[in-house]
$ cat model_34.cif   # mmCIF, C-alpha atoms and all ligand atoms
data_run
#
loop_
_atom_site.group_PDB
_atom_site.id
_atom_site.type_symbol
_atom_site.label_atom_id
_atom_site.label_comp_id
_atom_site.auth_asym_id
_atom_site.auth_seq_id
_atom_site.Cartn_x
_atom_site.Cartn_y
_atom_site.Cartn_z
ATOM 1 C CA MET A 88 84.189 6.746 -141.821
ATOM 2 C CA GLY A 89 85.661 3.219 -141.832
ATOM 3 C CA GLU A 90 82.099 1.892 -141.661
ATOM 4 C CA SER A 91 80.953 3.664 -144.858
ATOM 5 C CA ARG A 92 83.728 2.064 -146.907
ATOM 6 C CA ARG A 93 82.266 -1.402 -146.189
ATOM 7 C CA LEU A 94 78.753 -0.541 -147.421
ATOM 8 C CA ALA A 95 77.477 -2.082 -150.683
ATOM 9 C CA ALA A 96 77.534 0.192 -153.724
ATOM 10 C CA VAL A 97 73.744 0.487 -154.048
ATOM 11 C CA PRO A 98 72.281 3.709 -155.385
ATOM 12 C CA ILE A 99 70.241 5.494 -152.731
ATOM 13 C CA PRO A 100 67.366 7.533 -154.151
ATOM 14 C CA SER A 101 67.081 11.232 -153.438
ATOM 15 C CA VAL A 102 65.660 12.119 -150.024
ATOM 16 C CA GLU A 103 63.556 14.836 -151.711
ATOM 17 C CA THR A 104 61.903 12.666 -154.358
ATOM 18 C CA ALA A 105 61.895 9.014 -153.171
ATOM 19 C CA ASP A 106 59.076 7.673 -151.015
ATOM 20 C CA ARG A 107 59.688 6.343 -147.535
ATOM 21 C CA THR A 108 59.552 2.634 -148.439
ATOM 22 C CA GLU A 109 61.885 3.101 -151.396
ATOM 23 C CA LEU A 110 64.454 4.882 -149.219
ATOM 24 C CA TYR A 111 64.072 2.306 -146.437
ATOM 25 C CA ARG A 112 64.678 -0.588 -148.862
ATOM 26 C CA ALA A 113 67.667 1.129 -150.467
ATOM 27 C CA LEU A 114 69.228 1.771 -147.029
ATOM 28 C CA GLU A 115 68.563 -1.846 -146.064
ATOM 29 C CA THR A 116 70.256 -3.144 -149.169
ATOM 30 C CA SER A 117 73.163 -0.786 -148.616
ATOM 31 C CA VAL A 118 73.822 -1.945 -145.060
ATOM 32 C CA GLY A 119 73.584 -5.566 -146.287
ATOM 33 C CA SER A 120 70.747 -6.996 -144.150
ATOM 34 C CA SER A 121 67.169 -6.174 -143.176
ATOM 35 C CA PHE A 122 66.396 -3.789 -140.347
ATOM 36 C CA SER A 123 65.195 -5.713 -137.326
ATOM 37 C CA SER A 124 61.918 -4.968 -135.525
ATOM 38 C CA GLU A 125 63.121 -6.696 -132.370
ATOM 39 C CA PRO A 126 63.191 -4.432 -129.276
ATOM 40 C CA LEU A 127 66.557 -2.726 -128.872
ATOM 41 C CA ALA A 128 66.357 -2.643 -125.071
ATOM 42 C CA PRO A 129 66.870 -5.926 -123.205
ATOM 43 C CA LYS A 130 63.753 -7.413 -121.622
ATOM 44 C CA PRO A 131 63.553 -6.027 -118.055
ATOM 45 C CA ARG A 132 64.154 -8.621 -115.368
ATOM 46 C CA PRO A 133 61.806 -8.967 -112.403
ATOM 47 C CA LEU A 134 63.087 -6.908 -109.490
ATOM 48 C CA ILE A 135 63.168 -7.672 -105.804
ATOM 49 C CA ILE A 136 62.428 -4.411 -104.012
ATOM 50 C CA VAL A 137 63.077 -4.360 -100.291
ATOM 51 C CA ILE A 138 61.166 -1.593 -98.520
ATOM 52 C CA SER A 139 62.209 -0.820 -94.987
ATOM 53 C CA GLY A 140 62.135 2.030 -92.511
ATOM 54 C CA PRO A 141 61.289 2.768 -88.897
ATOM 55 C CA SER A 142 58.007 1.643 -87.412
ATOM 56 C CA GLY A 143 55.118 3.949 -88.299
ATOM 57 C CA VAL A 144 56.845 5.629 -91.241
ATOM 58 C CA GLY A 145 54.145 4.464 -93.651
ATOM 59 C CA LYS A 146 55.543 1.295 -95.243
ATOM 60 C CA ASP A 147 52.153 -0.411 -95.363
ATOM 61 C CA CYS A 148 50.421 2.677 -96.759
ATOM 62 C CA LEU A 149 53.081 3.109 -99.463
ATOM 63 C CA ILE A 150 52.944 -0.532 -100.524
ATOM 64 C CA LYS A 151 49.145 -0.538 -100.595
ATOM 65 C CA ARG A 152 49.106 2.465 -102.981
ATOM 66 C CA LEU A 153 51.973 1.131 -105.058
ATOM 67 C CA ARG A 154 50.059 -2.079 -105.671
ATOM 68 C CA GLU A 155 47.020 -0.076 -106.752
ATOM 69 C CA VAL A 156 48.937 1.974 -109.314
ATOM 70 C CA ARG A 157 51.240 -0.774 -110.593
ATOM 71 C CA GLU A 158 49.799 -4.118 -111.597
ATOM 72 C CA SER A 159 53.067 -5.979 -112.098
ATOM 73 C CA ILE A 160 53.930 -5.913 -108.395
ATOM 74 C CA HIS A 161 53.600 -8.808 -106.025
ATOM 75 C CA PHE A 162 53.750 -7.963 -102.361
ATOM 76 C CA VAL A 163 55.129 -10.898 -100.472
ATOM 77 C CA VAL A 164 52.892 -11.699 -97.582
ATOM 78 C CA THR A 165 55.104 -12.172 -94.541
ATOM 79 C CA ALA A 166 54.550 -15.033 -92.134
ATOM 80 C CA THR A 167 54.262 -13.919 -88.514
ATOM 81 C CA SER A 168 53.530 -15.320 -85.103
ATOM 82 C CA ARG A 169 52.186 -11.972 -83.860
ATOM 83 C CA PRO A 170 48.469 -11.656 -83.099
ATOM 84 C CA MET A 171 46.249 -10.084 -85.730
ATOM 85 C CA ARG A 172 45.464 -6.362 -85.274
ATOM 86 C CA ALA A 173 41.922 -5.041 -85.753
ATOM 87 C CA GLY A 174 41.197 -4.717 -89.474
ATOM 88 C CA GLU A 175 44.005 -7.023 -90.596
ATOM 89 C CA VAL A 176 43.234 -9.980 -92.847
ATOM 90 C CA ASN A 177 45.036 -13.332 -92.750
ATOM 91 C CA GLY A 178 46.837 -14.019 -96.045
ATOM 92 C CA LYS A 179 46.566 -10.375 -97.078
ATOM 93 C CA ASP A 180 48.407 -8.385 -94.403
ATOM 94 C CA TYR A 181 50.384 -11.335 -93.015
ATOM 95 C CA PHE A 182 50.116 -15.087 -92.776
ATOM 96 C CA PHE A 183 49.275 -15.336 -89.104
ATOM 97 C CA MET A 184 50.389 -18.551 -87.438
ATOM 98 C CA SER A 185 51.404 -20.010 -84.098
ATOM 99 C CA LYS A 186 55.033 -19.945 -82.961
ATOM 100 C CA GLU A 187 55.163 -23.716 -83.467
ATOM 101 C CA GLU A 188 53.950 -23.474 -87.075
ATOM 102 C CA PHE A 189 56.433 -20.704 -87.749
ATOM 103 C CA LEU A 190 59.346 -22.692 -86.374
ATOM 104 C CA GLY A 191 58.257 -25.597 -88.590
ATOM 105 C CA MET A 192 58.802 -23.367 -91.646
ATOM 106 C CA VAL A 193 62.238 -22.404 -90.334
ATOM 107 C CA GLU A 194 63.086 -26.069 -89.890
ATOM 108 C CA ASN A 195 62.107 -26.841 -93.500
ATOM 109 C CA ASP A 196 64.187 -23.932 -94.886
ATOM 110 C CA GLU A 197 61.051 -22.356 -96.327
ATOM 111 C CA LEU A 198 61.966 -18.819 -95.280
ATOM 112 C CA LEU A 199 64.339 -16.447 -97.043
ATOM 113 C CA GLU A 200 64.887 -14.581 -93.793
ATOM 114 C CA TYR A 201 63.261 -14.497 -90.391
ATOM 115 C CA ALA A 202 63.667 -12.664 -87.117
ATOM 116 C CA LEU A 203 62.182 -12.196 -83.705
ATOM 117 C CA VAL A 204 60.656 -8.704 -83.732
ATOM 118 C CA TYR A 205 59.231 -7.205 -80.528
ATOM 119 C CA GLY A 206 58.757 -10.753 -79.223
ATOM 120 C CA ASP A 207 57.093 -12.171 -82.350
ATOM 121 C CA TYR A 208 58.532 -14.047 -85.312
ATOM 122 C CA LYS A 209 58.357 -12.587 -88.820
ATOM 123 C CA GLY A 210 59.701 -14.291 -91.941
ATOM 124 C CA ILE A 211 59.601 -14.266 -95.736
ATOM 125 C CA PRO A 212 58.328 -17.396 -97.517
ATOM 126 C CA LYS A 213 60.671 -18.281 -100.426
ATOM 127 C CA GLN A 214 58.224 -20.164 -102.622
ATOM 128 C CA GLN A 215 55.943 -17.171 -103.062
ATOM 129 C CA ILE A 216 58.865 -15.129 -104.440
ATOM 130 C CA ARG A 217 59.920 -17.850 -106.866
ATOM 131 C CA ASP A 218 56.368 -18.358 -108.160
ATOM 132 C CA TYR A 219 55.724 -14.683 -108.841
ATOM 133 C CA MET A 220 59.140 -13.929 -110.330
ATOM 134 C CA ALA A 221 58.584 -16.795 -112.753
ATOM 135 C CA LYS A 222 55.385 -15.029 -113.848
ATOM 136 C CA GLY A 223 57.324 -11.777 -114.439
ATOM 137 C CA TYR A 224 56.164 -9.889 -111.353
ATOM 138 C CA ASP A 225 58.358 -7.476 -109.430
ATOM 139 C CA ILE A 226 58.577 -8.545 -105.833
ATOM 140 C CA VAL A 227 58.086 -6.142 -102.943
ATOM 141 C CA LEU A 228 59.320 -7.183 -99.530
ATOM 142 C CA ARG A 229 58.455 -5.212 -96.422
ATOM 143 C CA VAL A 230 60.935 -5.752 -93.643
ATOM 144 C CA ASP A 231 62.201 -3.942 -90.582
ATOM 145 C CA ILE A 232 65.727 -2.517 -90.557
ATOM 146 C CA GLN A 233 67.195 -5.628 -88.998
ATOM 147 C CA GLY A 234 65.526 -7.731 -91.713
ATOM 148 C CA ALA A 235 66.877 -5.438 -94.421
ATOM 149 C CA ALA A 236 70.428 -5.895 -93.092
ATOM 150 C CA THR A 237 69.994 -9.672 -93.178
ATOM 151 C CA LEU A 238 68.533 -9.539 -96.689
ATOM 152 C CA ARG A 239 71.432 -7.395 -97.870
ATOM 153 C CA LYS A 240 73.772 -10.177 -96.720
ATOM 154 C CA ILE A 241 71.689 -12.804 -98.543
ATOM 155 C CA LEU A 242 70.791 -10.890 -101.717
ATOM 156 C CA GLY A 243 73.657 -8.379 -101.955
ATOM 157 C CA ASP A 244 73.203 -5.977 -104.872
ATOM 158 C CA SER A 245 70.796 -8.323 -106.652
ATOM 159 C CA ALA A 246 67.862 -6.549 -104.946
ATOM 160 C CA VAL A 247 66.928 -2.872 -104.621
ATOM 161 C CA PHE A 248 66.924 -1.576 -101.052
ATOM 162 C CA VAL A 249 64.689 1.399 -100.249
ATOM 163 C CA PHE A 250 64.734 3.212 -96.905
ATOM 164 C CA LEU A 251 61.474 4.995 -96.167
ATOM 165 C CA VAL A 252 61.599 7.996 -93.850
ATOM 166 C CA ALA A 253 59.250 10.671 -92.569
ATOM 167 C CA GLU A 254 60.357 14.250 -93.211
ATOM 168 C CA SER A 255 61.613 14.473 -89.621
ATOM 169 C CA GLU A 256 61.922 12.460 -86.458
ATOM 170 C CA SER A 257 59.219 14.521 -84.797
ATOM 171 C CA GLU A 258 56.748 13.826 -87.643
ATOM 172 C CA LEU A 259 57.478 10.129 -87.322
ATOM 173 C CA VAL A 260 56.680 10.145 -83.589
ATOM 174 C CA MET A 261 53.437 12.052 -84.194
ATOM 175 C CA ARG A 262 52.400 9.519 -86.816
ATOM 176 C CA LEU A 263 52.975 6.635 -84.444
ATOM 177 C CA ILE A 264 51.001 8.375 -81.690
ATOM 178 C CA ASP A 265 48.122 9.112 -84.075
ATOM 179 C CA ARG A 266 47.942 5.504 -85.289
ATOM 180 C CA LYS A 267 46.821 4.480 -81.790
ATOM 181 C CA THR A 268 47.885 0.849 -82.189
ATOM 182 C CA GLU A 269 50.609 0.772 -79.516
ATOM 183 C CA SER A 270 50.617 0.796 -75.725
ATOM 184 C CA LYS A 271 52.735 3.565 -74.128
ATOM 185 C CA GLU A 272 55.492 1.017 -73.410
ATOM 186 C CA ALA A 273 55.478 -0.238 -77.017
ATOM 187 C CA LEU A 274 55.483 3.359 -78.251
ATOM 188 C CA LEU A 275 58.623 4.115 -76.269
ATOM 189 C CA VAL A 276 60.378 1.018 -77.634
ATOM 190 C CA ARG A 277 59.439 1.975 -81.199
ATOM 191 C CA VAL A 278 60.575 5.592 -81.025
ATOM 192 C CA ALA A 279 63.839 4.705 -79.295
ATOM 193 C CA THR A 280 64.472 1.980 -81.861
ATOM 194 C CA ALA A 281 63.610 4.351 -84.712
ATOM 195 C CA ARG A 282 66.319 6.759 -83.582
ATOM 196 C CA GLU A 283 68.906 3.977 -83.793
ATOM 197 C CA GLU A 284 67.517 2.627 -87.065
ATOM 198 C CA LEU A 285 67.905 5.933 -88.875
ATOM 199 C CA LYS A 286 71.660 5.423 -88.679
ATOM 200 C CA GLN A 287 71.308 2.455 -91.048
ATOM 201 C CA MET A 288 70.210 4.572 -94.004
ATOM 202 C CA LYS A 289 73.696 4.428 -95.508
ATOM 203 C CA ASN A 290 73.288 0.698 -96.222
ATOM 204 C CA PHE A 291 70.367 1.288 -98.618
ATOM 205 C CA ASP A 292 70.313 2.133 -102.326
ATOM 206 C CA TYR A 293 67.588 4.786 -102.110
ATOM 207 C CA VAL A 294 65.960 6.937 -99.442
ATOM 208 C CA VAL A 295 62.351 7.965 -100.046
ATOM 209 C CA VAL A 296 60.530 10.565 -97.958
ATOM 210 C CA ASN A 297 56.919 9.928 -96.986
ATOM 211 C CA ALA A 298 56.054 13.449 -95.867
ATOM 212 C CA GLU A 299 52.897 14.311 -93.945
ATOM 213 C CA GLY A 300 49.930 14.236 -96.328
ATOM 214 C CA LYS A 301 52.226 13.547 -99.308
ATOM 215 C CA LEU A 302 51.804 9.814 -99.779
ATOM 216 C CA GLU A 303 51.119 10.245 -103.510
ATOM 217 C CA SER A 304 54.425 11.982 -104.074
ATOM 218 C CA CYS A 305 56.151 9.195 -102.182
ATOM 219 C CA VAL A 306 54.467 6.610 -104.425
ATOM 220 C CA LYS A 307 55.612 8.545 -107.523
ATOM 221 C CA THR A 308 59.208 8.496 -106.303
ATOM 222 C CA MET A 309 58.963 4.737 -105.805
ATOM 223 C CA GLU A 310 57.608 4.346 -109.327
ATOM 224 C CA SER A 311 60.472 6.419 -110.706
ATOM 225 C CA ILE A 312 62.962 4.195 -108.918
ATOM 226 C CA ILE A 313 61.378 1.070 -110.386
ATOM 227 C CA ASP A 314 61.297 2.605 -113.876
ATOM 228 C CA ALA A 315 64.935 3.679 -113.615
ATOM 229 C CA GLU A 316 65.968 0.213 -112.439
ATOM 230 C CA LYS A 317 64.174 -1.293 -115.450
ATOM 231 C CA ALA A 318 66.082 1.013 -117.773
ATOM 232 C CA LYS A 319 69.498 -0.035 -116.497
ATOM 233 C CA VAL A 320 71.845 -1.517 -119.079
ATOM 234 C CA SER A 321 73.194 -4.029 -116.555
ATOM 235 C CA GLN A 322 70.208 -5.155 -114.589
ATOM 236 C CA ARG A 323 70.189 -6.753 -111.180
ATOM 237 C CA ARG A 324 69.723 -10.507 -111.312
ATOM 238 C CA ALA A 325 67.925 -11.683 -108.190
ATOM 239 C CA MET A 326 67.807 -15.393 -107.344
ATOM 240 C CA VAL A 327 65.986 -16.858 -104.358
HETATM 241 N N1 LIG B 1 52.164 10.491 -95.874
HETATM 242 C C1 LIG B 1 51.477 10.298 -94.735
HETATM 243 N N2 LIG B 1 50.928 11.354 -94.106
HETATM 244 C C2 LIG B 1 50.238 11.180 -92.964
HETATM 245 N N3 LIG B 1 50.029 10.009 -92.346
HETATM 246 C C3 LIG B 1 50.558 8.935 -92.924
HETATM 247 C C4 LIG B 1 51.308 9.007 -94.156
HETATM 248 N N4 LIG B 1 51.711 7.761 -94.481
HETATM 249 C C5 LIG B 1 51.244 6.949 -93.514
HETATM 250 N N5 LIG B 1 50.545 7.637 -92.582
HETATM 251 C C6 LIG B 1 49.917 7.122 -91.349
HETATM 252 O O1 LIG B 1 50.970 6.755 -90.464
HETATM 253 C C7 LIG B 1 50.636 5.597 -89.703
HETATM 254 C C8 LIG B 1 51.689 4.529 -89.916
HETATM 255 O O2 LIG B 1 51.606 4.010 -91.240
HETATM 256 P P1 LIG B 1 51.883 2.475 -91.582
HETATM 257 O O3 LIG B 1 51.072 1.596 -90.678
HETATM 258 O O4 LIG B 1 51.754 2.321 -93.036
HETATM 259 O O5 LIG B 1 53.418 2.416 -91.099
HETATM 260 P P2 LIG B 1 54.428 1.180 -91.123
HETATM 261 O O6 LIG B 1 55.741 1.748 -91.497
HETATM 262 O O7 LIG B 1 53.877 0.097 -91.973
HETATM 263 O O8 LIG B 1 54.416 0.795 -89.565
HETATM 264 P P3 LIG B 1 54.842 -0.595 -88.803
HETATM 265 O O9 LIG B 1 56.259 -0.872 -89.211
HETATM 266 O O10 LIG B 1 54.736 -0.225 -87.344
HETATM 267 O O11 LIG B 1 53.844 -1.623 -89.217
HETATM 268 C C9 LIG B 1 49.256 5.177 -90.181
HETATM 269 O O12 LIG B 1 48.291 5.670 -89.260
HETATM 270 C C10 LIG B 1 49.114 5.855 -91.537
HETATM 271 O O13 LIG B 1 47.773 6.112 -91.866
#
$ encode --input "model_34.cif" --output "structure tokens"
Amino acid sequence: MGESRRLAAVPIPSVETADRTELYRALETSVGSSFSSEPLAPKPRPLIIVISGPSGVGKDCLIKRLREVRESIHFVVTATSRPMRAGEVNGKDYFFMSKEEFLGMVENDELLEYALVYGDYKGIPKQQIRDYMAKGYDIVLRVDIQGAATLRKILGDSAVFVFLVAESESELVMRLIDRKTESKEALLVRVATAREELKQMKNFDYVVVNAEGKLESCVKTMESIIDAEKAKVSQRRAMV
């Protein structure tokens, strides 16, 4: 009510008889300044999305599909000293390098985070993140649980942390067995580790289920999370 008393005394034509432009102009004059065409929502900031979860849960598959359905995503290619697996491509799946080269990057503070995983180094190159955020891309990082905990310490709430799970522990083990990329010893390490890792879920912002044969639904959930994050009034402000 207090607001209406401050409005200019301009006659407003009848809603029944006046045309749209006439009414618009009269309302504009009454409120005292032109109506702006500027977007009412703030421009969404680029997000850093950390995707983690036990080995074999489908992180790579999810990210691959997410990149196909969403153009504005940059997947940060991790540097690693582990040997290339059959079908992997250098610079696409990982930047494969020797231990010496990797430690050189550590020395030069070129990595956001790094760790020794199953005997091999893995780390996230900082420059790639900066370059793509500057171009407006959302950044997707794929890290193991240990890496996610380290990133949480570095990035705090400025990044979105997503924990990917299978629908059950037994499904996860089956998936790992079916992938046929691990020796029996490595398989045992991975399943035992997975059991421990599941306890870390509470440190994440979201948990997304990648159920057997339901990758598309998992991708949709991820998209919803990204869309919801973009619609936040107070957006996360990630700096690397
Ligand atoms: N929704 C799904 N239903 C059935 N199989 C799936 C699904 N998602 C992924 N897989 C399969 O599970 C296996 C593991 O997937 P992926 O390699 O993406 O896991 P990851 O989490 O990236 O594993 P790692 O951390 O060991 O690299 C693959 O053989 C993949 O094809």
$ resolve_selection --input "model_34.cif" --expression "the PyMOL selection byres (((chain A and resi 128) around 10) and not hetatm)" --output "ChimeraX atom specification"
/A:125-127,129-131,317-320
$ residues_near_point --input "model_34.cif" --point "(53.9, -3.1, -98.8)" --cutoff "9 Å" --atoms "only C-alpha atoms" --output "short mmCIF file (atom, residue, chain, number, x, y, z; two decimals) with C-alpha atoms, in the coordinates of the input"
data_model
loop_
_atom_site.label_atom_id
_atom_site.label_comp_id
_atom_site.auth_asym_id
_atom_site.auth_seq_id
_atom_site.Cartn_x
_atom_site.Cartn_y
_atom_site.Cartn_z
CA ILE A 138 61.17 -1.59 -98.52
CA LYS A 146 55.54 1.30 -95.24
CA ASP A 147 52.15 -0.41 -95.36
CA CYS A 148 50.42 2.68 -96.76
CA LEU A 149 53.08 3.11 -99.46
CA ILE A 150 52.94 -0.53 -100.52
CA LYS A 151 49.14 -0.54 -100.60
CA ARG A 152 49.11 2.46 -102.98
CA LEU A 153 51.97 1.13 -105.06
CA ARG A 154 50.06 -2.08 -105.67
CA PHE A 162 53.75 -7.96 -102.36
CA VAL A 163 55.13 -10.90 -100.47
CA VAL A 164 52.89 -11.70 -97.58
CA ASP A 180 48.41 -8.38 -94.40
CA VAL A 227 58.09 -6.14 -102.94
CA LEU A 228 59.32 -7.18 -99.53
CA ARG A 229 58.46 -5.21 -96.42
#
$ closest_atom_pairs --input "model_34.cif" --of "chain A" --to "ligand LIG 1 (chain B)" --cutoff "10 Å" --atoms "all atoms listed in the file" --output "CSV"
residue,atom,partner,partner_atom,distance
A:Ile138,CA,B:LIG1,O6,9.5
A:Ser139,CA,B:LIG1,O6,7.8
A:Gly140,CA,B:LIG1,O6,6.5
A:Pro141,CA,B:LIG1,O6,6.2
A:Ser142,CA,B:LIG1,O9,3.6
A:Gly143,CA,B:LIG1,O8,3.5
A:Val144,CA,B:LIG1,O6,4.0
A:Gly145,CA,B:LIG1,O4,3.3
A:Lys146,CA,B:LIG1,O6,3.8
A:Asp147,CA,B:LIG1,O4,3.6
A:Cys148,CA,B:LIG1,O4,4.0
A:Leu149,CA,B:LIG1,O4,6.6
A:Ile150,CA,B:LIG1,O4,8.1
A:Lys151,CA,B:LIG1,O4,8.5
A:Arg229,CA,B:LIG1,O7,8.3
A:Val230,CA,B:LIG1,O9,8.1
A:Asp231,CA,B:LIG1,O9,6.8
A:Ile232,CA,B:LIG1,O9,9.7
A:Leu251,CA,B:LIG1,O6,8.1
A:Val252,CA,B:LIG1,O6,8.9
A:Ala253,CA,B:LIG1,N1,7.8
A:Glu254,CA,B:LIG1,N1,9.4
A:Glu258,CA,B:LIG1,C2,8.8
A:Leu259,CA,B:LIG1,O1,8.0
A:Val260,CA,B:LIG1,O1,9.6
A:Met261,CA,B:LIG1,O1,8.6
A:Arg262,CA,B:LIG1,O1,4.8
A:Leu263,CA,B:LIG1,C7,5.8
A:Ile264,CA,B:LIG1,O12,8.5
A:Asp265,CA,B:LIG1,O12,6.2
A:Arg266,CA,B:LIG1,O12,4.0
A:Lys267,CA,B:LIG1,O12,7.7
A:Thr268,CA,B:LIG1,O12,8.6
A:Glu269,CA,B:LIG1,O10,8.9
A:Leu274,CA,B:LIG1,O10,9.8
A:Arg277,CA,B:LIG1,O10,8.0
A:Val296,CA,B:LIG1,N1,8.6
A:Asn297,CA,B:LIG1,N1,4.9
A:Ala298,CA,B:LIG1,N1,4.9
A:Glu299,CA,B:LIG1,N2,3.6
A:Gly300,CA,B:LIG1,N2,3.8
A:Lys301,CA,B:LIG1,N1,4.6
A:Leu302,CA,B:LIG1,N1,4.0
A:Glu303,CA,B:LIG1,N1,7.7
A:Ser304,CA,B:LIG1,N1,8.6
A:Cys305,CA,B:LIG1,N1,7.6
A:Val306,CA,B:LIG1,N1,9.7
$ resolve_selection --input "model_34.cif" --expression "the PyMOL selection byres (((chain A and resi 214) around 12) and not hetatm)" --output "PyMOL selection string"
chain A and resi 163-165+192+195-199+211-213+215-221+326-327
$ atom_distance --input "model_34.cif" --atom1 "CA of Glu175 in chain A" --atom2 "CA of Arg239 in chain A"
28.4 Å
$ residues_around --input "model_34.cif" --residues "Leu203 in chain A" --least-positions-apart "3" --cutoff "12 Å" --atoms "all atoms listed in the file" --output "PyMOL selection string"
chain A and resi 166-169+186+189-190+200+206-210+230-231+233-234
$ build_atoms --input "model_34.cif" --residues "range 168-183 of chain A" --atoms "N, CA and C atoms" --output "compact mmCIF listing (two decimals), in the coordinates of the input"
# COMPACT_ATOMS: atom_id res chain seq x y z
N SER A 168 54.17 -14.68 -86.25
CA SER A 168 53.53 -15.32 -85.10
C SER A 168 52.85 -14.27 -84.22
N ARG A 169 52.83 -12.99 -84.70
CA ARG A 169 52.19 -11.97 -83.86
C ARG A 169 50.66 -12.00 -84.04
N PRO A 170 49.93 -11.63 -82.98
CA PRO A 170 48.47 -11.66 -83.10
C PRO A 170 47.97 -10.64 -84.14
N MET A 171 46.83 -10.95 -84.71
CA MET A 171 46.25 -10.08 -85.73
C MET A 171 45.75 -8.78 -85.09
N ARG A 172 46.01 -7.63 -85.77
CA ARG A 172 45.46 -6.36 -85.27
C ARG A 172 44.07 -6.17 -85.87
N ALA A 173 43.27 -5.31 -85.24
CA ALA A 173 41.92 -5.04 -85.75
C ALA A 173 42.03 -4.57 -87.20
N GLY A 174 41.22 -5.14 -88.08
CA GLY A 174 41.20 -4.72 -89.47
C GLY A 174 42.15 -5.50 -90.36
N GLU A 175 43.06 -6.25 -89.78
CA GLU A 175 44.00 -7.02 -90.60
C GLU A 175 43.35 -8.31 -91.10
N VAL A 176 43.83 -8.79 -92.24
CA VAL A 176 43.23 -9.98 -92.85
C VAL A 176 44.33 -11.03 -93.04
N ASN A 177 44.05 -12.25 -92.60
CA ASN A 177 45.04 -13.33 -92.75
C ASN A 177 45.26 -13.64 -94.24
N GLY A 178 46.53 -13.72 -94.64
CA GLY A 178 46.84 -14.02 -96.04
C GLY A 178 46.94 -12.76 -96.89
N LYS A 179 46.49 -11.64 -96.34
CA LYS A 179 46.57 -10.38 -97.08
C LYS A 179 47.61 -9.47 -96.41
N ASP A 180 47.43 -9.22 -95.13
CA ASP A 180 48.41 -8.38 -94.40
C ASP A 180 49.61 -9.23 -94.00
N TYR A 181 49.36 -10.37 -93.43
CA TYR A 181 50.38 -11.34 -93.02
C TYR A 181 49.76 -12.72 -93.09
N PHE A 182 50.61 -13.75 -93.07
CA PHE A 182 50.12 -15.09 -92.78
C PHE A 182 50.29 -15.26 -91.28
N PHE A 183 49.20 -15.21 -90.56
CA PHE A 183 49.28 -15.34 -89.10
C PHE A 183 49.34 -16.81 -88.73
